[in-house]
>>> print(open('structure.cif').read())   # mmCIF, C-alpha atoms
data_work
#
loop_
_atom_site.label_atom_id
_atom_site.label_comp_id
_atom_site.auth_asym_id
_atom_site.auth_seq_id
_atom_site.Cartn_x
_atom_site.Cartn_y
_atom_site.Cartn_z
CA MET O 1 -9.14 -84.13 -57.87
CA ASN O 2 -9.34 -83.15 -54.25
CA GLY O 3 -5.76 -81.99 -53.72
CA LYS O 4 -5.62 -82.24 -49.99
CA ASN O 5 -7.03 -85.71 -49.64
CA THR O 6 -5.17 -87.32 -52.47
CA SER O 7 -1.88 -85.82 -51.39
CA THR O 8 -2.12 -87.12 -47.85
CA GLN O 9 -3.16 -90.49 -49.16
CA LYS O 10 -0.41 -90.65 -51.71
CA LEU O 11 1.01 -94.11 -51.72
CA SER O 12 4.71 -94.48 -51.41
CA SER O 13 4.69 -96.08 -54.85
CA HIS O 14 3.89 -92.66 -56.29
CA MET O 15 6.58 -90.99 -54.26
CA PHE O 16 9.10 -93.52 -55.41
CA PHE O 17 8.21 -93.35 -59.10
CA TRP O 18 10.91 -90.82 -60.05
CA PRO O 19 13.50 -92.11 -57.59
CA VAL O 20 13.07 -95.63 -59.01
CA MET O 21 13.33 -94.34 -62.59
CA ILE O 22 16.49 -92.39 -61.80
CA GLY O 23 17.88 -95.30 -59.81
CA ALA O 24 17.28 -97.74 -62.65
CA THR O 25 18.89 -95.48 -65.27
CA SER O 26 21.85 -94.91 -62.91
CA ALA O 27 22.27 -98.66 -62.56
CA VAL O 28 22.25 -99.14 -66.33
CA GLY O 29 24.73 -96.26 -66.61
CA LEU O 30 27.05 -97.83 -64.04
CA ILE O 31 27.06 -101.15 -65.86
CA SER O 32 27.06 -100.05 -69.50
CA ALA O 33 30.60 -98.61 -69.47
CA LEU O 34 31.81 -101.91 -68.02
CA VAL O 35 30.34 -103.87 -70.92
CA ALA O 36 32.13 -102.25 -73.83
CA ASP O 37 33.70 -99.02 -75.04
CA GLY O 38 32.44 -96.45 -77.53
CA LEU O 39 28.67 -96.12 -77.55
CA TRP O 40 28.36 -97.98 -74.26
CA ASP O 41 30.65 -95.44 -72.60
CA ALA O 42 28.60 -92.59 -74.05
CA MET O 43 25.40 -94.19 -72.77
CA SER O 44 26.95 -94.42 -69.32
CA TRP O 45 27.89 -90.72 -69.40
CA ALA O 46 24.39 -89.70 -70.46
CA LEU O 47 22.64 -91.83 -67.84
CA LEU O 48 24.93 -90.91 -64.94
CA ALA O 49 24.65 -87.24 -65.87
CA ILE O 50 20.93 -87.41 -64.97
CA PRO O 51 21.37 -87.46 -61.16
CA VAL O 52 24.08 -84.79 -61.42
CA ALA O 53 21.90 -82.52 -63.57
CA LEU O 54 18.84 -83.03 -61.36
CA SER O 55 20.88 -82.28 -58.24
CA ALA O 56 22.04 -79.01 -59.75
CA TYR O 57 18.56 -78.13 -61.01
CA PHE O 58 16.74 -78.80 -57.73
CA SER O 59 19.43 -77.04 -55.69
CA TRP O 60 19.43 -73.83 -57.67
CA ARG O 61 15.99 -73.41 -59.15
CA LYS O 62 13.87 -70.56 -57.87
CA ASN O 63 10.63 -71.56 -56.18
CA MET Z 1 3.34 -99.31 -45.19
CA LEU Z 2 5.16 -98.52 -42.00
CA SER Z 3 3.69 -97.93 -38.57
CA SER Z 4 4.86 -94.86 -36.72
CA GLN Z 5 6.74 -97.11 -34.32
CA SER Z 6 8.73 -98.85 -37.00
CA LEU Z 7 9.31 -95.44 -38.54
CA ARG Z 8 10.86 -94.35 -35.25
CA HIS Z 9 13.12 -97.40 -35.38
CA TRP Z 10 14.22 -96.50 -38.88
CA ALA Z 11 14.84 -92.92 -37.75
CA TRP Z 12 16.95 -94.19 -34.87
CA THR Z 13 18.90 -96.47 -37.23
CA HIS Z 14 19.46 -93.67 -39.72
CA LYS Z 15 20.62 -91.26 -37.05
CA TRP Z 16 23.11 -93.53 -35.34
CA THR Z 17 24.58 -95.32 -38.35
CA SER Z 18 25.05 -91.91 -40.00
CA LEU Z 19 26.50 -90.23 -36.94
CA ILE Z 20 29.11 -92.93 -36.46
CA CYS Z 21 30.24 -93.09 -40.07
CA THR Z 22 29.79 -89.50 -41.31
CA ALA Z 23 33.15 -88.12 -40.21
CA PHE Z 24 34.93 -91.03 -41.91
CA MET Z 25 32.73 -90.79 -45.00
CA LEU Z 26 33.54 -87.10 -45.33
CA LEU Z 27 37.22 -88.03 -45.13
CA LEU Z 28 36.74 -90.77 -47.75
CA CYS Z 29 34.85 -88.44 -50.10
CA LEU Z 30 37.47 -85.71 -49.76
CA THR Z 31 40.48 -88.02 -50.19
CA GLY Z 32 38.71 -89.99 -52.92
CA LEU Z 33 38.28 -86.86 -55.02
CA PRO Z 34 41.97 -86.49 -55.98
CA LEU Z 35 42.31 -90.27 -56.25
CA ILE Z 36 39.77 -90.30 -59.11
CA PHE Z 37 42.30 -88.23 -61.06
CA HIS Z 38 45.51 -89.76 -59.69
CA HIS Z 39 46.88 -90.46 -63.19
CA GLU Z 40 46.26 -86.90 -64.31
CA ILE Z 41 47.68 -85.46 -61.09
CA ASP Z 42 50.80 -87.63 -61.40
CA HIS Z 43 51.15 -86.35 -64.93
CA LEU Z 44 50.82 -82.72 -63.80
CA LEU Z 45 53.33 -83.25 -61.00
CA GLY Z 46 55.75 -84.68 -63.55
CA ASN Z 47 55.80 -88.06 -61.81
CA GLU Z 48 54.72 -89.97 -64.85
CA ILE Z 49 57.27 -92.25 -66.43
CA GLU Z 50 57.84 -91.67 -70.09
CA ALA Z 51 59.76 -94.00 -72.34
CA PRO Z 52 61.62 -92.54 -75.32
CA THR Z 53 59.83 -92.80 -78.65
CA LEU Z 54 61.11 -95.68 -80.73
CA PRO Z 55 59.63 -97.32 -83.82
CA ALA Z 56 56.58 -99.37 -82.84
CA ASP Z 57 58.23 -102.55 -84.08
CA ALA Z 58 61.42 -102.01 -82.06
CA PRO Z 59 62.52 -105.42 -80.79
CA ARG Z 60 61.78 -106.29 -77.17
CA VAL Z 61 64.52 -107.19 -74.74
CA ASP Z 62 64.40 -110.63 -73.14
CA LEU Z 63 62.46 -110.43 -69.87
CA ASP Z 64 65.19 -112.24 -67.94
CA HIS Z 65 67.58 -109.45 -68.87
CA ILE Z 66 65.03 -106.80 -67.87
CA PHE Z 67 64.62 -108.51 -64.52
CA ALA Z 68 68.40 -108.79 -64.02
CA VAL Z 69 68.75 -105.04 -64.64
CA ALA Z 70 65.99 -104.29 -62.13
CA GLN Z 71 67.37 -106.69 -59.53
CA ALA Z 72 70.86 -105.19 -59.89
CA HIS Z 73 69.32 -101.88 -58.94
CA ALA Z 74 67.74 -103.38 -55.82
CA PRO Z 75 70.49 -105.86 -54.91
CA ASN Z 76 69.39 -106.91 -51.43
CA LYS Z 77 65.67 -106.89 -52.08
CA VAL Z 78 63.22 -109.66 -52.90
CA PRO Z 79 61.14 -109.32 -56.10
CA GLN Z 80 57.38 -109.18 -55.65
CA PHE Z 81 55.63 -108.23 -58.88
CA ALA Z 82 56.37 -107.31 -62.48
CA SER Z 83 54.03 -105.78 -65.02
CA LEU Z 84 54.15 -104.14 -68.42
CA ASP Z 85 52.90 -100.54 -68.53
CA ASP Z 86 49.24 -100.72 -69.55
CA ASP Z 87 49.05 -97.72 -71.84
CA THR Z 88 52.19 -97.90 -73.91
CA GLU Z 89 53.60 -101.37 -73.16
CA ASN Z 90 56.98 -99.69 -73.52
CA PHE Z 91 58.36 -100.40 -70.08
CA TRP Z 92 58.28 -102.91 -67.29
CA PHE Z 93 57.60 -102.16 -63.67
CA VAL Z 94 59.33 -104.42 -61.20
CA SER Z 95 58.66 -104.10 -57.49
CA PHE Z 96 60.87 -105.27 -54.64
CA ALA Z 97 60.70 -105.27 -50.84
CA ASN Z 98 62.55 -106.64 -47.85
CA THR Z 99 60.68 -109.95 -48.09
CA ALA Z 100 58.24 -111.39 -50.62
CA THR Z 101 55.23 -110.52 -48.48
CA SER Z 102 56.27 -107.35 -46.67
CA GLU Z 103 55.46 -103.75 -47.47
CA GLU Z 104 58.67 -102.66 -45.77
CA GLY Z 105 61.50 -101.33 -47.86
CA GLN Z 106 59.52 -101.26 -51.09
CA GLN Z 107 61.44 -100.29 -54.18
CA PHE Z 108 60.16 -99.86 -57.73
CA VAL Z 109 62.19 -99.98 -60.90
CA ALA Z 110 60.87 -99.04 -64.34
CA VAL Z 111 62.90 -100.63 -67.14
CA ASP Z 112 62.50 -99.83 -70.83
CA ALA Z 113 61.18 -102.96 -72.55
CA ARG Z 114 63.14 -102.15 -75.73
CA THR Z 115 66.47 -100.90 -74.42
CA ALA Z 116 66.67 -102.36 -70.89
CA GLU Z 117 67.55 -98.84 -69.66
CA ILE Z 118 66.31 -97.92 -66.21
CA LEU Z 119 63.78 -95.14 -66.83
CA ALA Z 120 62.82 -94.34 -63.26
CA THR Z 121 62.88 -95.57 -59.70
CA PRO Z 122 59.61 -94.00 -58.54
CA LYS Z 123 58.77 -93.68 -54.89
CA PHE Z 124 55.14 -94.52 -54.36
CA ASP Z 125 55.38 -94.20 -50.58
CA GLU Z 126 55.56 -90.43 -50.41
CA GLY Z 127 53.87 -87.33 -51.80
CA PHE Z 128 50.36 -85.93 -51.96
CA ILE Z 129 48.70 -88.81 -53.80
CA HIS Z 130 50.27 -91.34 -51.43
CA ILE Z 131 48.93 -89.50 -48.37
CA MET Z 132 45.46 -89.30 -49.93
CA PHE Z 133 45.68 -92.98 -50.85
CA LYS Z 134 46.69 -94.13 -47.37
CA LEU Z 135 44.05 -91.97 -45.68
CA HIS Z 136 41.47 -93.36 -48.07
CA VAL Z 137 42.48 -97.01 -47.89
CA ASP Z 138 43.66 -97.77 -44.36
CA LEU Z 139 44.25 -94.57 -42.34
CA PHE Z 140 47.96 -95.53 -42.23
CA ALA Z 141 46.95 -98.51 -40.08
CA GLY Z 142 47.33 -101.50 -42.41
CA LEU Z 143 44.76 -104.29 -42.45
CA PRO Z 144 43.01 -103.20 -39.21
CA GLY Z 145 42.59 -99.73 -40.71
CA LYS Z 146 41.11 -101.23 -43.89
CA LEU Z 147 38.67 -103.40 -42.00
CA PHE Z 148 37.68 -100.48 -39.81
CA LEU Z 149 36.89 -98.34 -42.87
CA GLY Z 150 35.00 -101.33 -44.28
CA LEU Z 151 32.87 -101.39 -41.15
CA MET Z 152 32.21 -97.66 -41.54
CA GLY Z 153 31.22 -98.37 -45.14
CA LEU Z 154 28.75 -101.01 -43.95
CA LEU Z 155 27.23 -98.42 -41.60
CA LEU Z 156 26.97 -96.07 -44.58
CA VAL Z 157 25.08 -98.71 -46.56
CA ILE Z 158 22.65 -99.14 -43.64
CA ALA Z 159 22.34 -95.36 -43.35
CA ILE Z 160 21.50 -95.11 -47.06
CA VAL Z 161 18.88 -97.86 -46.89
CA SER Z 162 17.25 -96.38 -43.79
CA GLY Z 163 17.43 -92.96 -45.44
CA VAL Z 164 15.42 -94.28 -48.39
CA VAL Z 165 12.79 -95.65 -45.99
CA LEU Z 166 12.55 -92.26 -44.25
CA TYR Z 167 12.33 -90.44 -47.58
CA ALA Z 168 8.69 -91.56 -47.91
CA PRO Z 169 7.17 -89.86 -44.82
CA PHE Z 170 9.13 -86.67 -45.46
CA MET Z 171 7.99 -86.44 -49.07
CA ARG Z 172 4.38 -87.42 -48.50
CA LYS Z 173 3.06 -83.92 -49.15
CA LEU Z 174 5.78 -82.70 -51.46
CA ASN Z 175 6.32 -83.05 -55.15
CA PHE Z 176 9.45 -84.81 -56.27
CA GLY Z 177 12.41 -82.45 -56.16
CA THR Z 178 10.86 -79.81 -53.91
CA VAL Z 179 13.33 -77.69 -51.97
CA ARG Z 180 11.42 -75.24 -49.75
CA LYS Z 181 13.71 -72.24 -49.77
CA GLN Z 182 11.36 -69.59 -48.43
CA ARG Z 183 10.84 -71.45 -45.15
CA SER Z 184 13.43 -71.89 -42.41
CA ASN Z 185 17.02 -72.74 -43.13
CA ARG Z 186 16.47 -76.11 -41.50
CA ILE Z 187 13.64 -76.99 -43.87
CA LYS Z 188 15.84 -76.03 -46.79
CA TRP Z 189 18.67 -78.29 -45.58
CA LEU Z 190 16.23 -81.10 -44.89
CA ASP Z 191 14.75 -80.91 -48.39
CA LEU Z 192 18.19 -80.69 -50.00
CA HIS Z 193 19.36 -83.68 -47.96
CA ASN Z 194 16.34 -85.71 -49.12
CA VAL Z 195 16.42 -84.66 -52.77
CA LEU Z 196 20.18 -84.95 -53.34
CA GLY Z 197 20.28 -88.17 -51.33
CA ILE Z 198 17.52 -89.84 -53.32
CA VAL Z 199 18.70 -88.90 -56.82
CA THR Z 200 22.24 -90.15 -56.15
CA VAL Z 201 21.25 -93.17 -54.07
CA VAL Z 202 22.15 -95.90 -56.58
CA TRP Z 203 25.58 -94.44 -57.29
CA ALA Z 204 26.26 -93.97 -53.56
CA LEU Z 205 25.18 -97.53 -52.80
CA ALA Z 206 27.29 -98.92 -55.65
CA VAL Z 207 30.42 -97.00 -54.65
CA GLY Z 208 29.82 -97.65 -50.94
CA ALA Z 209 29.25 -101.38 -51.29
CA THR Z 210 32.15 -101.92 -53.71
CA GLY Z 211 34.35 -99.89 -51.36
CA VAL Z 212 33.43 -102.26 -48.55
CA ILE Z 213 34.26 -105.24 -50.75
CA ASN Z 214 37.62 -103.68 -51.58
CA THR Z 215 38.51 -103.49 -47.90
CA TRP Z 216 38.31 -107.27 -47.85
CA ALA Z 217 40.79 -107.65 -50.75
CA ASP Z 218 43.66 -108.88 -48.58
CA LEU Z 219 41.41 -111.40 -46.86
CA VAL Z 220 39.93 -112.57 -50.17
CA ILE Z 221 43.42 -113.23 -51.56
CA LYS Z 222 44.43 -115.01 -48.35
CA TYR Z 223 41.33 -117.18 -48.59
CA TRP Z 224 42.10 -117.92 -52.24
CA GLN Z 225 45.56 -119.11 -51.17
CA PHE Z 226 44.00 -121.40 -48.61
CA ASP Z 227 41.08 -122.52 -50.77
CA GLN Z 228 42.70 -123.11 -54.16
CA MET Z 229 46.45 -122.72 -53.94
CA THR Z 230 47.00 -125.22 -51.11
CA GLN Z 231 45.67 -128.05 -53.26
CA LEU Z 232 47.53 -126.99 -56.37
CA ILE Z 233 50.89 -126.88 -54.63
CA ALA Z 234 50.36 -130.00 -52.49
CA PRO Z 235 53.00 -131.97 -54.49
CA TYR Z 236 55.60 -129.36 -53.47
CA LYS Z 237 54.72 -129.60 -49.82
CA ASN Z 238 58.00 -130.69 -48.27
CA LEU Z 239 60.35 -129.23 -50.84
CA PRO Z 240 62.58 -126.27 -50.01
CA PRO Z 241 61.82 -123.10 -51.99
CA PRO Z 242 63.96 -122.75 -55.13
CA GLU Z 243 67.32 -121.11 -54.52
CA LYS Z 244 67.76 -119.91 -58.05
CA LEU Z 245 64.81 -118.82 -60.13
CA GLY Z 246 64.21 -120.31 -63.56
CA SER Z 247 63.59 -118.22 -66.66
CA LEU Z 248 60.93 -115.54 -66.28
CA GLN Z 249 60.88 -115.07 -70.06
CA GLN Z 250 60.06 -118.75 -70.60
CA SER Z 251 57.45 -118.67 -67.83
CA VAL Z 252 55.61 -115.75 -69.36
CA ALA Z 253 55.94 -117.20 -72.86
CA ALA Z 254 54.47 -120.51 -71.64
CA ALA Z 255 51.46 -118.71 -70.12
CA GLU Z 256 50.95 -116.66 -73.28
CA LYS Z 257 51.10 -119.82 -75.38
CA LEU Z 258 48.58 -121.55 -73.12
CA LEU Z 259 46.13 -118.61 -73.26
CA PRO Z 260 46.75 -117.02 -76.66
CA ASP Z 261 43.61 -114.85 -76.50
CA LYS Z 262 44.71 -113.18 -73.29
CA LYS Z 263 47.29 -110.59 -72.34
CA LEU Z 264 49.75 -110.45 -69.49
CA SER Z 265 48.39 -108.51 -66.53
CA PHE Z 266 51.19 -109.04 -64.02
CA VAL Z 267 53.68 -111.59 -62.73
CA ALA Z 268 53.79 -112.55 -59.06
CA PHE Z 269 57.24 -113.75 -58.06
CA PRO Z 270 57.50 -116.84 -55.81
CA GLY Z 271 56.52 -116.39 -52.17
CA THR Z 272 54.19 -113.39 -52.49
CA SER Z 273 50.58 -113.36 -51.32
CA PHE Z 274 49.57 -113.90 -54.98
CA SER Z 275 51.84 -116.87 -55.67
CA SER Z 276 53.33 -119.95 -54.01
CA PRO Z 277 56.87 -120.37 -52.69
CA HIS Z 278 57.54 -122.66 -55.68
CA HIS Z 279 55.81 -120.81 -58.50
CA PHE Z 280 55.70 -117.75 -60.59
CA VAL Z 281 52.05 -116.97 -61.04
CA ILE Z 282 51.48 -115.33 -64.40
CA PHE Z 283 48.19 -113.43 -64.23
CA MET Z 284 46.61 -113.13 -67.66
CA ARG Z 285 43.65 -110.93 -68.50
CA GLY Z 286 41.10 -110.63 -71.30
CA THR Z 287 41.34 -107.99 -74.00
CA GLU Z 288 37.70 -106.87 -74.13
CA PRO Z 289 36.46 -104.14 -71.74
CA LEU Z 290 34.38 -106.66 -69.84
CA THR Z 291 37.08 -109.33 -69.59
CA SER Z 292 40.06 -107.04 -69.09
CA ARG Z 293 39.22 -106.86 -65.37
CA LEU Z 294 39.13 -110.62 -64.97
CA LEU Z 295 42.32 -112.52 -64.22
CA SER Z 296 43.37 -116.04 -65.19
CA PRO Z 297 46.31 -117.24 -63.10
CA VAL Z 298 48.86 -119.59 -64.65
CA LEU Z 299 51.11 -121.36 -62.14
CA VAL Z 300 54.58 -121.90 -63.52
CA ASP Z 301 57.21 -123.92 -61.66
CA ALA Z 302 59.78 -121.33 -60.61
CA GLN Z 303 62.71 -123.65 -61.32
CA THR Z 304 61.77 -125.43 -64.52
CA ALA Z 305 59.54 -122.73 -66.06
CA GLN Z 306 57.00 -125.47 -66.84
CA ILE Z 307 53.28 -124.87 -66.35
CA THR Z 308 51.86 -126.61 -63.27
CA ALA Z 309 48.23 -125.47 -63.41
CA SER Z 310 45.90 -122.81 -64.76
CA PRO Z 311 42.94 -122.74 -62.39
CA THR Z 312 39.76 -120.73 -62.89
CA MET Z 313 39.40 -117.87 -60.43
CA PRO Z 314 36.68 -118.60 -57.87
CA TRP Z 315 33.60 -116.37 -57.73
CA TYR Z 316 34.80 -114.40 -54.71
CA VAL Z 317 37.96 -113.22 -56.46
CA THR Z 318 35.92 -112.35 -59.57
CA THR Z 319 33.51 -110.34 -57.41
CA LEU Z 320 36.44 -108.43 -55.95
CA LEU Z 321 37.91 -107.76 -59.40
CA VAL Z 322 34.62 -106.53 -60.85
CA SER Z 323 33.90 -104.38 -57.80
CA GLN Z 324 37.13 -102.45 -58.25
CA PRO Z 325 36.25 -100.40 -61.36
CA LEU Z 326 32.78 -99.71 -59.92
CA HIS Z 327 34.49 -98.12 -56.94
CA PHE Z 328 37.23 -96.27 -58.84
CA GLY Z 329 35.12 -94.97 -61.76
CA ASP Z 330 38.09 -95.58 -64.06
CA TYR Z 331 36.31 -97.60 -66.72
CA GLY Z 332 34.66 -95.02 -68.96
CA GLY Z 333 37.18 -92.37 -69.87
CA THR Z 334 37.49 -88.79 -68.62
CA PRO Z 335 33.73 -87.97 -68.74
CA LEU Z 336 33.04 -90.82 -66.32
CA GLN Z 337 35.82 -89.61 -64.00
CA ILE Z 338 34.26 -86.13 -64.01
CA LEU Z 339 30.80 -87.56 -63.25
CA TRP Z 340 32.37 -89.60 -60.45
CA ALA Z 341 33.86 -86.43 -58.99
CA LEU Z 342 30.56 -84.51 -59.25
CA LEU Z 343 28.61 -87.35 -57.65
CA ASP Z 344 31.27 -87.47 -54.94
CA ILE Z 345 30.77 -83.74 -54.29
CA ILE Z 346 26.98 -84.17 -54.15
CA THR Z 347 27.54 -86.95 -51.61
CA ILE Z 348 29.63 -84.54 -49.53
CA VAL Z 349 26.65 -82.14 -49.55
CA VAL Z 350 24.32 -84.96 -48.46
CA LEU Z 351 26.68 -85.95 -45.62
CA TRP Z 352 27.22 -82.35 -44.57
CA SER Z 353 23.51 -81.44 -44.65
CA GLY Z 354 22.73 -84.53 -42.57
CA LEU Z 355 25.32 -83.43 -40.03
CA VAL Z 356 23.94 -79.86 -39.97
CA LEU Z 357 20.40 -81.17 -39.41
CA TRP Z 358 21.53 -83.25 -36.48
CA TRP Z 359 23.74 -80.53 -34.98
CA ARG Z 360 21.01 -77.91 -34.91
CA LYS Z 361 18.48 -80.27 -33.39
CA ARG Z 362 20.98 -81.45 -30.82
CA LYS Z 363 21.18 -78.02 -29.16
CA GLN Z 364 17.46 -77.83 -28.52
CA PRO Z 365 15.93 -79.20 -25.33
CA ILE Z 366 14.10 -82.42 -25.82
CA GLU Z 367 10.64 -80.85 -25.26
CA ILE Z 368 11.03 -78.43 -28.13
CA MET Z 369 12.46 -81.20 -30.27
CA LEU Z 370 9.44 -83.38 -29.57
CA ARG Z 371 6.94 -80.60 -30.18
CA GLU Z 372 8.66 -79.73 -33.38
CA ALA Z 373 8.83 -83.35 -34.44
CA VAL Z 374 5.07 -83.65 -33.96
CA ARG Z 375 4.53 -80.49 -35.98
CA ASP Z 376 6.84 -81.78 -38.71
CA GLU Z 377 5.14 -85.11 -38.61
CA SER Z 378 1.75 -83.49 -39.10
CA ASN Z 379 2.70 -83.70 -42.75
CA PHE Z 380 2.34 -87.41 -42.67
CA ALA Z 381 0.78 -88.28 -39.33
CA PRO Z 382 -2.79 -88.26 -40.72
CA ALA Z 383 -1.77 -90.67 -43.40
CA LEU Z 384 0.02 -92.84 -40.88
CA ALA Z 385 -2.95 -92.89 -38.57
CA LYS Z 386 -5.12 -94.45 -41.23
CA ILE Z 387 -2.71 -97.24 -41.90
CA PRO Z 388 -2.85 -100.34 -39.75
CA ALA Z 389 0.45 -101.08 -38.04
#
>>> encode(input="structure.cif", output="structure tokens")
Amino acid sequence: MNGKNTSTQKLSSHMFFWPVMIGATSAVGLISALVADGLWDAMSWALLAIPVALSAYFSWRKN
Amino acid sequence: MLSSQSLRHWAWTHKWTSLICTAFMLLLCLTGLPLIFHHEIDHLLGNEIEAPTLPADAPRVDLDHIFAVAQAHAPNKVPQFASLDDDTENFWFVSFANTATSEEGQQFVAVDARTAEILATPKFDEGFIHIMFKLHVDLFAGLPGKLFLGLMGLLLVIAIVSGVVLYAPFMRKLNFGTVRKQRSNRIKWLDLHNVLGIVTVVWALAVGATGVINTWADLVIKYWQFDQMTQLIAPYKNLPPPEKLGSLQQSVAAAEKLLPDKKLSFVAFPGTSFSSPHHFVIFMRGTEPLTSRLLSPVLVDAQTAQITASPTMPWYVTTLLVSQPLHFGDYGGTPLQILWALLDIITIVVLWSGLVLWWRKRKQPIEIMLREAVRDESNFAPALAKIPA
């Protein structure tokens, strides 16, 4: 892989891979607690914790 | 793929929609934070109403008597709404005001459902939570304030969407989640703004959009009156409003008999924005998590306590009702409230970092800004150049 070339030619679909994944799991998390209690609530907590955990990780990790 | 010209348009859109709404969004995020925990805060402040412990099968007092006790406490006021406490079902809340539709002179009476004792006469129009609530909902400016905040919310939604579009050129050369800390402070803020913004984007859009919908609540209910209620009460058109109300107990019992699978949510007394001048409207709700947010109104003639109609709520009211929990974050227990608060704080960082980025750029003469922009854009300019507009 030629790093320089491929990185400048990166399609936005690659850039949006993780954002779309996180967005989709957030959406499921937002809805699941509405559907029912118990396990559905727990699923919502787990899925909505992802953006919170990633925010903390990216903010504080050392380069 | 976007041409550099359309990219400039998106940048312009992002800058101006954000600039106009950011101050208000910071206010909404800050005031929203305590509102997420308003129950817990009320509890801590000792404002929560607690009914004495009685055996679970203690007989319930007739609702007409409960209402008479409440009305005697607010003798010159007009009743608006009555509801049974959600958690314990041990007491009734009855609200009064100067007229059926006004917010002036509001008075609340909590009456024990088993003893008909007055437990509390809470004041909801004062105190910390009330100030946060008013700042959050209407800036102490009533419907115009609500609609104004709704407009700011719409700008936020546009700012978020344009921010997602701009995320692509900024991240072209960077791995997901990169925050360049060893470079300038500006670069660090820019990366943080992009990363935190993109990972929380769906939550922010959901809370932003449902917040906007909530600002239209008064209008939605008004439209429902016009759209559905007018037809239902047409036979009563030229009749004077009832002078003496019929039995509330019988009205509620009739609604419960009609919809045995549902529970009482609240009663709207005649003449309020949720009822007609001639009817109690008994709002029933489902008992499952999904259906507990949805309301089924039962119109009961306020004189005879006979059911007049039980219409299905139109889609726009249902949309409003479903959008409420998605804004409040009150539908998944304490862990969800905590996540709501954390996501709210992250949003504050995104708003603040956006403001910082703009503020620092603002002080530079336009030439330097341009030169710098070109240098910044060198990250993605080669890629852009290859792409046909």
>>> residues_around(input="structure.cif", residues="Z:Asp112", least_positions_apart="4", cutoff="12 Å", atoms="all atoms listed in the file", output="number ranges by chain")
Z: 49-54, 58-63, 65-67, 69-70, 83-85, 88-94, 116-121
>>> closest_residue(input="structure.cif", among="Z:Ala341, Z:Val165, Z:Ile221, Z:Leu336", to="chain O", atoms="all atoms listed in the file")
Z:Leu336
>>> resolve_selection(input="structure.cif", expression="the PyMOL selection byres ((chain Z and resi 158) around 12)", output="PyMOL selection string")
chain Z and resi 10-21+151-157+159-165+204-205+208-209
>>> write_last_selection(input="structure.cif", atoms="C-alpha atoms", output="mmCIF file, in the coordinates of the input")
data_model
loop_
_atom_site.group_PDB
_atom_site.id
_atom_site.type_symbol
_atom_site.label_atom_id
_atom_site.label_comp_id
_atom_site.auth_asym_id
_atom_site.auth_seq_id
_atom_site.Cartn_x
_atom_site.Cartn_y
_atom_site.Cartn_z
ATOM 1 C CA TRP Z 10 14.220 -96.500 -38.880
ATOM 2 C CA ALA Z 11 14.840 -92.920 -37.750
ATOM 3 C CA TRP Z 12 16.950 -94.190 -34.870
ATOM 4 C CA THR Z 13 18.900 -96.470 -37.230
ATOM 5 C CA HIS Z 14 19.460 -93.670 -39.720
ATOM 6 C CA LYS Z 15 20.620 -91.260 -37.050
ATOM 7 C CA TRP Z 16 23.110 -93.530 -35.340
ATOM 8 C CA THR Z 17 24.580 -95.320 -38.350
ATOM 9 C CA SER Z 18 25.050 -91.910 -40.000
ATOM 10 C CA LEU Z 19 26.500 -90.230 -36.940
ATOM 11 C CA ILE Z 20 29.110 -92.930 -36.460
ATOM 12 C CA CYS Z 21 30.240 -93.090 -40.070
ATOM 13 C CA LEU Z 151 32.870 -101.390 -41.150
ATOM 14 C CA MET Z 152 32.210 -97.660 -41.540
ATOM 15 C CA GLY Z 153 31.220 -98.370 -45.140
ATOM 16 C CA LEU Z 154 28.750 -101.010 -43.950
ATOM 17 C CA LEU Z 155 27.230 -98.420 -41.600
ATOM 18 C CA LEU Z 156 26.970 -96.070 -44.580
ATOM 19 C CA VAL Z 157 25.080 -98.710 -46.560
ATOM 20 C CA ALA Z 159 22.340 -95.360 -43.350
ATOM 21 C CA ILE Z 160 21.500 -95.110 -47.060
ATOM 22 C CA VAL Z 161 18.880 -97.860 -46.890
ATOM 23 C CA SER Z 162 17.250 -96.380 -43.790
ATOM 24 C CA GLY Z 163 17.430 -92.960 -45.440
ATOM 25 C CA VAL Z 164 15.420 -94.280 -48.390
ATOM 26 C CA VAL Z 165 12.790 -95.650 -45.990
ATOM 27 C CA ALA Z 204 26.260 -93.970 -53.560
ATOM 28 C CA LEU Z 205 25.180 -97.530 -52.800
ATOM 29 C CA GLY Z 208 29.820 -97.650 -50.940
ATOM 30 C CA ALA Z 209 29.250 -101.380 -51.290
#
>>> residues_around(input="structure.cif", residues="O:Val52", least_positions_apart="4", cutoff="9 Å", atoms="all atoms listed in the file", output="ChimeraX atom specification")
/O:48,56-57 /Z:196,199-200,339,342-343,346
>>> write_last_selection(input="structure.cif", atoms="C-alpha atoms", output="CSV table (one decimal), keeping the file's coordinate frame")
chain,number,residue,atom,x,y,z
O,48,LEU,CA,24.9,-90.9,-64.9
O,56,ALA,CA,22.0,-79.0,-59.8
O,57,TYR,CA,18.6,-78.1,-61.0
Z,196,LEU,CA,20.2,-85.0,-53.3
Z,199,VAL,CA,18.7,-88.9,-56.8
Z,200,THR,CA,22.2,-90.2,-56.2
Z,339,LEU,CA,30.8,-87.6,-63.2
Z,342,LEU,CA,30.6,-84.5,-59.2
Z,343,LEU,CA,28.6,-87.4,-57.6
Z,346,ILE,CA,27.0,-84.2,-54.2
>>> atom_distance(input="structure.cif", atom1="atom CA of Z:Asn98", atom2="atom CA of Z:Val78")
5.9 Å
>>> atom_distance(input="structure.cif", atom1="atom CA of Z:Trp203", atom2="atom CA of Z:Leu326")
9.3 Å
